[in-house]
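Raw contents of query_11.txt, compact mmCIF, C-alpha atoms:
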```txt
# COMPACT_ATOMS: atom_id res chain seq x y z
CA TRP A 9 140.65 70.75 166.16
CA LEU A 10 139.15 74.27 166.12
CA ILE A 11 137.20 76.38 163.64
CA GLY A 12 136.49 80.08 164.15
CA PHE A 13 133.22 81.52 162.88
CA GLY A 14 132.80 85.25 162.28
CA LEU A 15 129.08 85.22 162.97
CA GLU A 16 129.00 88.96 163.78
CA THR A 17 125.41 89.19 165.06
CA GLY A 18 122.41 87.21 166.21
CA ASP A 19 120.01 89.46 164.32
CA ALA A 20 118.94 88.33 160.84
CA GLU A 21 118.21 91.88 159.63
CA LEU A 22 121.67 93.11 160.63
CA LEU A 23 123.21 90.19 158.74
CA LYS A 24 121.37 91.34 155.62
CA LYS A 25 122.41 94.97 156.08
CA MET A 26 126.02 93.79 156.48
CA LYS A 27 125.70 91.79 153.25
CA LYS A 28 127.13 88.85 155.19
CA GLY A 29 125.67 86.28 152.80
CA ALA A 30 124.91 83.86 155.64
CA THR A 31 121.94 83.09 157.85
CA LEU A 32 121.51 82.36 161.53
CA GLU A 33 120.31 78.88 160.62
CA GLN A 34 123.54 78.23 158.69
CA ALA A 35 125.55 79.36 161.70
CA GLU A 36 123.62 77.01 163.97
CA ARG A 37 124.15 74.10 161.59
CA ALA A 38 127.88 74.84 161.23
CA VAL A 39 128.36 74.74 165.01
CA GLU A 40 126.31 71.51 165.21
CA LEU A 41 128.52 69.93 162.54
CA CYS A 42 131.64 70.89 164.49
CA HIS A 43 130.32 69.10 167.55
CA GLU A 44 129.36 66.05 165.52
CA MET A 45 132.90 65.88 164.12
CA GLY A 46 134.63 66.54 167.46
CA ILE A 47 135.87 69.97 166.37
CA LYS A 48 135.74 72.92 168.75
CA ALA A 49 133.82 76.01 167.62
CA TYR A 50 135.13 79.51 168.36
CA LEU A 51 132.42 82.12 167.84
CA PHE A 52 133.09 85.79 167.05
CA PHE A 53 130.41 88.44 167.45
CA THR A 54 130.66 92.18 166.91
CA PHE A 55 128.75 95.04 168.49
CA GLY A 56 128.60 98.48 166.91
CA LEU A 57 127.08 98.31 163.47
CA PRO A 58 125.40 101.65 162.72
CA TRP A 59 121.91 100.10 163.02
CA GLU A 60 122.66 98.26 166.26
CA ASP A 61 120.42 99.01 169.21
CA GLU A 62 119.70 97.48 172.60
CA LYS A 63 117.28 94.98 171.05
CA THR A 64 119.79 93.67 168.48
CA VAL A 65 122.55 93.50 171.10
CA ASN A 66 120.32 91.35 173.30
CA LYS A 67 119.43 89.13 170.33
CA THR A 68 123.14 88.59 169.71
CA ILE A 69 123.81 87.74 173.35
CA GLN A 70 120.90 85.27 173.39
CA PHE A 71 121.97 83.72 170.08
CA ALA A 72 125.56 83.29 171.28
CA ARG A 73 124.40 81.63 174.49
CA ARG A 74 122.01 79.32 172.60
CA LEU A 75 124.76 78.07 170.29
CA ARG A 76 126.99 75.46 171.83
CA GLY A 77 130.25 77.13 170.91
CA ASP A 78 133.30 76.15 172.90
CA PHE A 79 134.74 79.64 172.94
CA CYS A 80 133.27 83.02 172.15
CA GLU A 81 134.53 86.55 171.73
CA PHE A 82 132.50 89.73 171.61
CA GLN A 83 134.28 92.55 169.85
CA ILE A 84 133.44 96.15 169.07
CA MET A 85 133.19 97.15 165.43
CA TYR A 86 136.19 99.06 164.15
CA PRO A 87 135.81 101.32 161.10
CA PHE A 88 138.74 100.38 158.84
CA PRO A 89 139.40 103.02 156.16
CA GLY A 90 138.45 101.76 152.73
CA THR A 91 135.55 99.61 153.93
CA GLU A 92 131.86 100.19 153.39
CA LEU A 93 131.37 100.35 157.16
CA TYR A 94 133.92 103.14 157.36
CA ASP A 95 132.09 105.08 154.66
CA VAL A 96 128.67 104.66 156.31
CA ALA A 97 129.96 105.46 159.80
CA SER A 98 131.92 108.45 158.52
CA GLN A 99 128.95 109.79 156.55
CA HIS A 100 126.79 109.65 159.68
CA GLN A 101 129.59 110.92 161.96
CA LEU A 102 129.50 107.81 164.15
CA PHE A 103 133.17 108.21 165.10
CA LYS A 104 135.80 110.92 165.19
CA LYS A 105 138.53 110.44 162.61
CA GLU A 106 141.12 111.67 165.11
CA ASP A 107 140.16 108.71 167.34
CA LEU A 108 140.97 106.09 164.69
CA PHE A 109 144.26 105.13 166.34
CA LYS A 110 142.91 105.25 169.91
CA GLY A 111 140.53 102.31 169.70
CA ASP A 112 140.51 98.63 168.90
CA TYR A 113 138.15 95.67 169.18
CA LYS A 114 138.01 95.97 172.98
CA LYS A 115 137.94 99.74 173.37
CA GLY A 116 135.56 101.04 170.80
CA ILE A 117 135.54 104.46 169.21
CA ILE A 118 132.42 103.95 167.15
CA ARG A 119 128.86 104.62 168.21
CA THR A 120 125.65 103.49 166.57
CA PHE A 121 122.57 105.54 165.75
CA THR A 122 121.33 104.78 169.29
CA LEU A 123 124.26 103.46 171.40
CA SER A 124 127.39 105.23 172.63
CA PRO A 125 130.90 103.68 172.60
CA GLU A 126 130.61 103.32 176.38
CA GLN A 127 127.34 101.42 176.06
CA LEU A 128 128.89 99.10 173.47
CA GLN A 129 131.80 98.37 175.82
CA HIS A 130 129.33 97.70 178.63
CA TYR A 131 127.41 95.22 176.46
CA GLN A 132 130.67 93.56 175.47
CA TYR A 133 131.52 93.09 179.14
CA VAL A 134 128.04 91.80 180.00
CA ALA A 135 127.93 89.43 177.02
CA THR A 136 131.33 87.91 177.82
CA ARG A 137 130.45 87.29 181.45
CA ARG A 138 127.01 85.89 180.66
CA TYR A 139 128.51 83.57 178.10
CA TYR A 140 131.38 82.17 180.15
CA LEU A 141 129.82 82.12 183.61
CA GLU A 142 126.99 79.72 182.76
CA PRO A 143 127.49 76.62 184.94
CA GLN A 144 126.77 74.17 182.09
CA ARG A 145 129.34 75.92 179.86
CA ILE A 146 131.97 75.81 182.61
CA PHE A 147 131.24 72.12 183.18
CA ARG A 148 131.47 71.36 179.45
CA LEU A 149 134.80 73.22 179.18
CA LEU A 150 136.25 71.44 182.22
CA LYS A 151 135.03 68.07 180.95
CA GLY A 152 136.93 68.59 177.70
CA ILE A 153 140.31 69.31 179.30
CA SER A 154 142.89 66.91 177.95
CA SER A 155 146.11 67.93 179.72
CA PRO A 156 147.55 70.09 182.50
CA ARG A 157 148.72 72.60 179.87
CA VAL A 158 145.17 72.98 178.49
CA PHE A 159 143.83 73.35 182.04
CA SER A 160 146.41 76.07 182.72
CA ASN A 161 145.45 77.91 179.52
CA TYR A 162 141.75 77.77 180.45
CA VAL A 163 142.45 79.07 183.97
CA ARG A 164 144.56 81.96 182.62
CA LYS A 165 141.94 82.95 180.07
CA GLY A 166 139.13 82.58 182.60
CA LEU A 167 140.89 84.83 185.09
CA ALA A 168 141.55 87.40 182.38
CA ILE A 169 137.83 87.45 181.56
CA LEU A 170 136.90 87.86 185.22
CA ARG A 171 139.42 90.69 185.67
CA GLN A 172 138.04 92.71 182.78
CA GLN A 173 136.88 96.07 184.02
CA GLU A 174 133.43 97.31 183.02
```
Using structure tokens, write down the structure from this file.
Amino acid sequence: WLIGFGLETGDAELLKKMKKGATLEQAERAVELCHEMGIKAYLFFTFGLPWEDEKTVNKTIQFARRLRGDFCEFQIMYPFPGTELYDVASQHQLFKKEDLFKGDYKKGIIRTFTLSPEQLQHYQYVATRRYYLEPQRIFRLLKGISSPRVFSNYVRKGLAILRQQE
């Protein structure tokens, strides 16, 4: 009934630098296929790749809004030890190693070559609100409610999104 897609970004160049092995067009088609089959699409995007800047963040926000995903989450990149991202971010001092256990996907510790952790958190907040507060998205979500329990879950999640502090 639901498929999650780790799309990461709406910028084709960042996808290549990440070695994601997927294209924006493939992501669009995958979401279209979900809708054709009656399957909900949960989209995951990440801010904070070393090369990320205001332009790529805005591309991601626009791409996420253009896709007809049912749910969407914007996370902040986390540099897991042993990954290529960790090595690149460490080499360029994009995070403090002593902060590794202070952050997570919502409270970032990483910065990019041009954006601070605070800016990334701000964009995460903005992206989430822009995504979920579009009237046509709200209408589509409400139209798809199948039971009081689902309605209750949507209301709880919606309130949690609205309560998020910038």
**Counting all atoms listed in the file, the residue of A:Ser98, A:Gly29, A:Lys104, A:Ala20 that sits nearest A:Lys67** =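 Result for the nearest residue to A:Lys67: A:Ala20.
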Under the rule of at most 9 Å, produce a per-residue listing of stretch 27-46 of chain A near stretch 12-19 of chain A: chain, number, name, the closest pair of atoms, and the distance in Å, as a Markdown table, using only C-alpha atoms.
```
| residue | atom | partner | partner_atom | distance |
| --- | --- | --- | --- | --- |
| A:Lys28 | CA | A:Glu16 | CA | 8.8 |
| A:Ala30 | CA | A:Leu15 | CA | 8.5 |
| A:Leu32 | CA | A:Gly18 | CA | 6.8 |
| A:Ala35 | CA | A:Leu15 | CA | 7.0 |
| A:Ala38 | CA | A:Phe13 | CA | 8.7 |
| A:Val39 | CA | A:Phe13 | CA | 8.6 |
```
Any chance you could tabulate, as a tab-separated table, the residues of stretch 34-90 of chain A at most 9 Å from stretch 127-141 of chain A with each one's nearest atom pair and distance in Å to one decimal, using only C-alpha atoms, in chain and rising number order?
```
residue	atom	partner	partner_atom	distance
A:Thr54	CA	A:Gln132	CA	8.7
A:Phe55	CA	A:Leu128	CA	6.4
A:Gly56	CA	A:Leu128	CA	6.6
A:Glu62	CA	A:Tyr131	CA	8.9
A:Val65	CA	A:Tyr131	CA	7.4
A:Asn66	CA	A:Tyr131	CA	8.7
A:Thr68	CA	A:Ala135	CA	8.8
A:Ile69	CA	A:Ala135	CA	5.8
A:Gln70	CA	A:Ala135	CA	8.9
A:Ala72	CA	A:Tyr139	CA	7.4
A:Arg73	CA	A:Tyr139	CA	5.8
A:Phe79	CA	A:Tyr140	CA	8.3
A:Cys80	CA	A:Tyr139	CA	7.6
A:Glu81	CA	A:Thr136	CA	7.0
A:Phe82	CA	A:Gln132	CA	5.7
A:Gln83	CA	A:Gln132	CA	6.8
A:Ile84	CA	A:Leu128	CA	7.0
```
**Item:** Distance of atom CA of A:Arg76 from atom CA of A:Tyr50, expressed in Å to one decimal place
**Value:** 9.7 Å
**Item:** For atom CA of A:Glu60 and atom CA of A:Glu92, the interatomic separation in Å (one decimal)
**Value:**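 Between these atoms lies a distance of 15.9 Å.
The closest residue to A:Phe109, picked from A:Glu126, A:Arg171, A:Tyr86, A:Asp78 and counting only C-alpha atoms, is A:Tyr86.
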**Message:** Just checking: using all atoms listed in the file, which residue out of A:Phe121, A:Asp95, A:Leu51, A:Pro87 ends up closest to A:Arg74?
**Reply:** A:Leu51
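Atom CA of A:Leu75 sits 8.4 Å away from atom CA of A:Glu40.
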**Message:** Counting all atoms listed in the file, which residue out of A:Gly77, A:Leu22, A:Ser155, A:Asp107 sits closest to A:Cys42?
**Reply:** A:Gly77
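Using all atoms listed in the file, the nearest neighbour of A:Trp59 within the list A:Thr122, A:Phe71, A:Glu44, A:Arg37 is A:Thr122.
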**Complete:** With distances taken over only C-alpha atoms, the candidate from A:Ile47, A:Leu93, A:Leu123, A:Ile11 nearest A:Lys63 is A:Leu123
Could you rebuild stretch 57-68 of chain A with all heavy atoms and give me the result as an mmCIF file, keeping the file's coordinate frame?
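Final file, result-v5.cif:
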```cif
data_model
loop_
_atom_site.group_PDB
_atom_site.id
_atom_site.type_symbol
_atom_site.label_atom_id
_atom_site.label_comp_id
_atom_site.auth_asym_id
_atom_site.auth_seq_id
_atom_site.Cartn_x
_atom_site.Cartn_y
_atom_site.Cartn_z
ATOM 1 N N LEU A 57 127.523 97.936 164.805
ATOM 2 C CA LEU A 57 127.080 98.310 163.470
ATOM 3 C C LEU A 57 126.199 99.559 163.590
ATOM 4 O O LEU A 57 125.522 99.738 164.604
ATOM 5 C CB LEU A 57 126.276 97.179 162.831
ATOM 6 C CG LEU A 57 127.094 95.959 162.442
ATOM 7 C CD1 LEU A 57 126.175 94.802 162.100
ATOM 8 C CD2 LEU A 57 127.990 96.291 161.267
ATOM 9 N N PRO A 58 126.179 100.410 162.602
ATOM 10 C CA PRO A 58 125.400 101.650 162.720
ATOM 11 C C PRO A 58 123.958 101.431 163.156
ATOM 12 O O PRO A 58 123.406 102.241 163.903
ATOM 13 C CB PRO A 58 125.467 102.236 161.305
ATOM 14 C CG PRO A 58 126.766 101.726 160.763
ATOM 15 C CD PRO A 58 126.903 100.338 161.328
ATOM 16 N N TRP A 59 123.334 100.350 162.753
ATOM 17 C CA TRP A 59 121.910 100.100 163.020
ATOM 18 C C TRP A 59 121.682 99.355 164.336
ATOM 19 O O TRP A 59 120.551 99.084 164.705
ATOM 20 C CB TRP A 59 121.319 99.282 161.861
ATOM 21 C CG TRP A 59 121.737 99.827 160.546
ATOM 22 C CD1 TRP A 59 121.138 100.867 159.868
ATOM 23 C CD2 TRP A 59 122.852 99.418 159.764
ATOM 24 N NE1 TRP A 59 121.830 101.116 158.704
ATOM 25 C CE2 TRP A 59 122.893 100.237 158.612
ATOM 26 C CE3 TRP A 59 123.833 98.449 159.905
ATOM 27 C CZ2 TRP A 59 123.854 100.119 157.623
ATOM 28 C CZ3 TRP A 59 124.799 98.322 158.927
ATOM 29 C CH2 TRP A 59 124.798 99.147 157.803
ATOM 30 N N GLU A 60 122.763 99.025 165.018
ATOM 31 C CA GLU A 60 122.660 98.260 166.260
ATOM 32 C C GLU A 60 121.947 99.075 167.335
ATOM 33 O O GLU A 60 122.164 100.263 167.478
ATOM 34 C CB GLU A 60 124.069 97.910 166.759
ATOM 35 C CG GLU A 60 124.085 96.952 167.913
ATOM 36 C CD GLU A 60 124.646 95.618 167.518
ATOM 37 O OE1 GLU A 60 125.754 95.583 166.974
ATOM 38 O OE2 GLU A 60 123.971 94.611 167.763
ATOM 39 N N ASP A 61 121.093 98.385 168.075
ATOM 40 C CA ASP A 61 120.420 99.010 169.210
ATOM 41 C C ASP A 61 120.360 97.988 170.349
ATOM 42 O O ASP A 61 120.881 96.879 170.223
ATOM 43 C CB ASP A 61 119.020 99.533 168.836
ATOM 44 C CG ASP A 61 118.097 98.462 168.288
ATOM 45 O OD1 ASP A 61 118.292 97.254 168.569
ATOM 46 O OD2 ASP A 61 117.146 98.820 167.566
ATOM 47 N N GLU A 62 119.755 98.369 171.444
ATOM 48 C CA GLU A 62 119.700 97.480 172.600
ATOM 49 C C GLU A 62 119.031 96.145 172.256
ATOM 50 O O GLU A 62 119.468 95.089 172.698
ATOM 51 C CB GLU A 62 118.947 98.164 173.737
ATOM 52 C CG GLU A 62 119.024 97.419 175.042
ATOM 53 C CD GLU A 62 118.418 98.200 176.201
ATOM 54 O OE1 GLU A 62 118.243 99.416 176.093
ATOM 55 O OE2 GLU A 62 118.121 97.548 177.218
ATOM 56 N N LYS A 63 118.005 96.195 171.436
ATOM 57 C CA LYS A 63 117.280 94.980 171.050
ATOM 58 C C LYS A 63 118.183 94.022 170.257
ATOM 59 O O LYS A 63 118.216 92.819 170.537
ATOM 60 C CB LYS A 63 116.049 95.365 170.224
ATOM 61 C CG LYS A 63 115.199 94.205 169.798
ATOM 62 C CD LYS A 63 114.010 94.692 168.987
ATOM 63 C CE LYS A 63 113.226 93.532 168.414
ATOM 64 N NZ LYS A 63 112.149 93.976 167.518
ATOM 65 N N THR A 64 118.934 94.541 169.287
ATOM 66 C CA THR A 64 119.790 93.670 168.480
ATOM 67 C C THR A 64 120.972 93.147 169.301
ATOM 68 O O THR A 64 121.406 92.010 169.106
ATOM 69 C CB THR A 64 120.286 94.370 167.201
ATOM 70 O OG1 THR A 64 121.049 95.524 167.550
ATOM 71 C CG2 THR A 64 119.125 94.756 166.301
ATOM 72 N N VAL A 65 121.480 93.964 170.216
ATOM 73 C CA VAL A 65 122.550 93.500 171.100
ATOM 74 C C VAL A 65 122.056 92.309 171.918
ATOM 75 O O VAL A 65 122.736 91.284 172.031
ATOM 76 C CB VAL A 65 123.046 94.637 172.025
ATOM 77 C CG1 VAL A 65 123.891 94.084 173.160
ATOM 78 C CG2 VAL A 65 123.833 95.669 171.237
ATOM 79 N N ASN A 66 120.875 92.436 172.490
ATOM 80 C CA ASN A 66 120.320 91.350 173.300
ATOM 81 C C ASN A 66 120.043 90.105 172.463
ATOM 82 O O ASN A 66 120.243 88.978 172.941
ATOM 83 C CB ASN A 66 119.078 91.812 174.051
ATOM 84 C CG ASN A 66 119.448 92.701 175.220
ATOM 85 O OD1 ASN A 66 120.420 92.446 175.929
ATOM 86 N ND2 ASN A 66 118.695 93.762 175.423
ATOM 87 N N LYS A 67 119.616 90.286 171.215
ATOM 88 C CA LYS A 67 119.430 89.130 170.330
ATOM 89 C C LYS A 67 120.763 88.408 170.108
ATOM 90 O O LYS A 67 120.821 87.179 170.089
ATOM 91 C CB LYS A 67 118.872 89.576 168.971
ATOM 92 C CG LYS A 67 117.394 89.796 168.931
ATOM 93 C CD LYS A 67 117.002 90.140 167.495
ATOM 94 C CE LYS A 67 115.521 90.153 167.300
ATOM 95 N NZ LYS A 67 115.164 90.447 165.892
ATOM 96 N N THR A 68 121.819 89.184 169.925
ATOM 97 C CA THR A 68 123.140 88.590 169.710
ATOM 98 C C THR A 68 123.593 87.824 170.936
ATOM 99 O O THR A 68 124.095 86.697 170.831
ATOM 100 C CB THR A 68 124.162 89.679 169.325
ATOM 101 O OG1 THR A 68 123.763 90.241 168.070
ATOM 102 C CG2 THR A 68 125.569 89.116 169.219
#
```
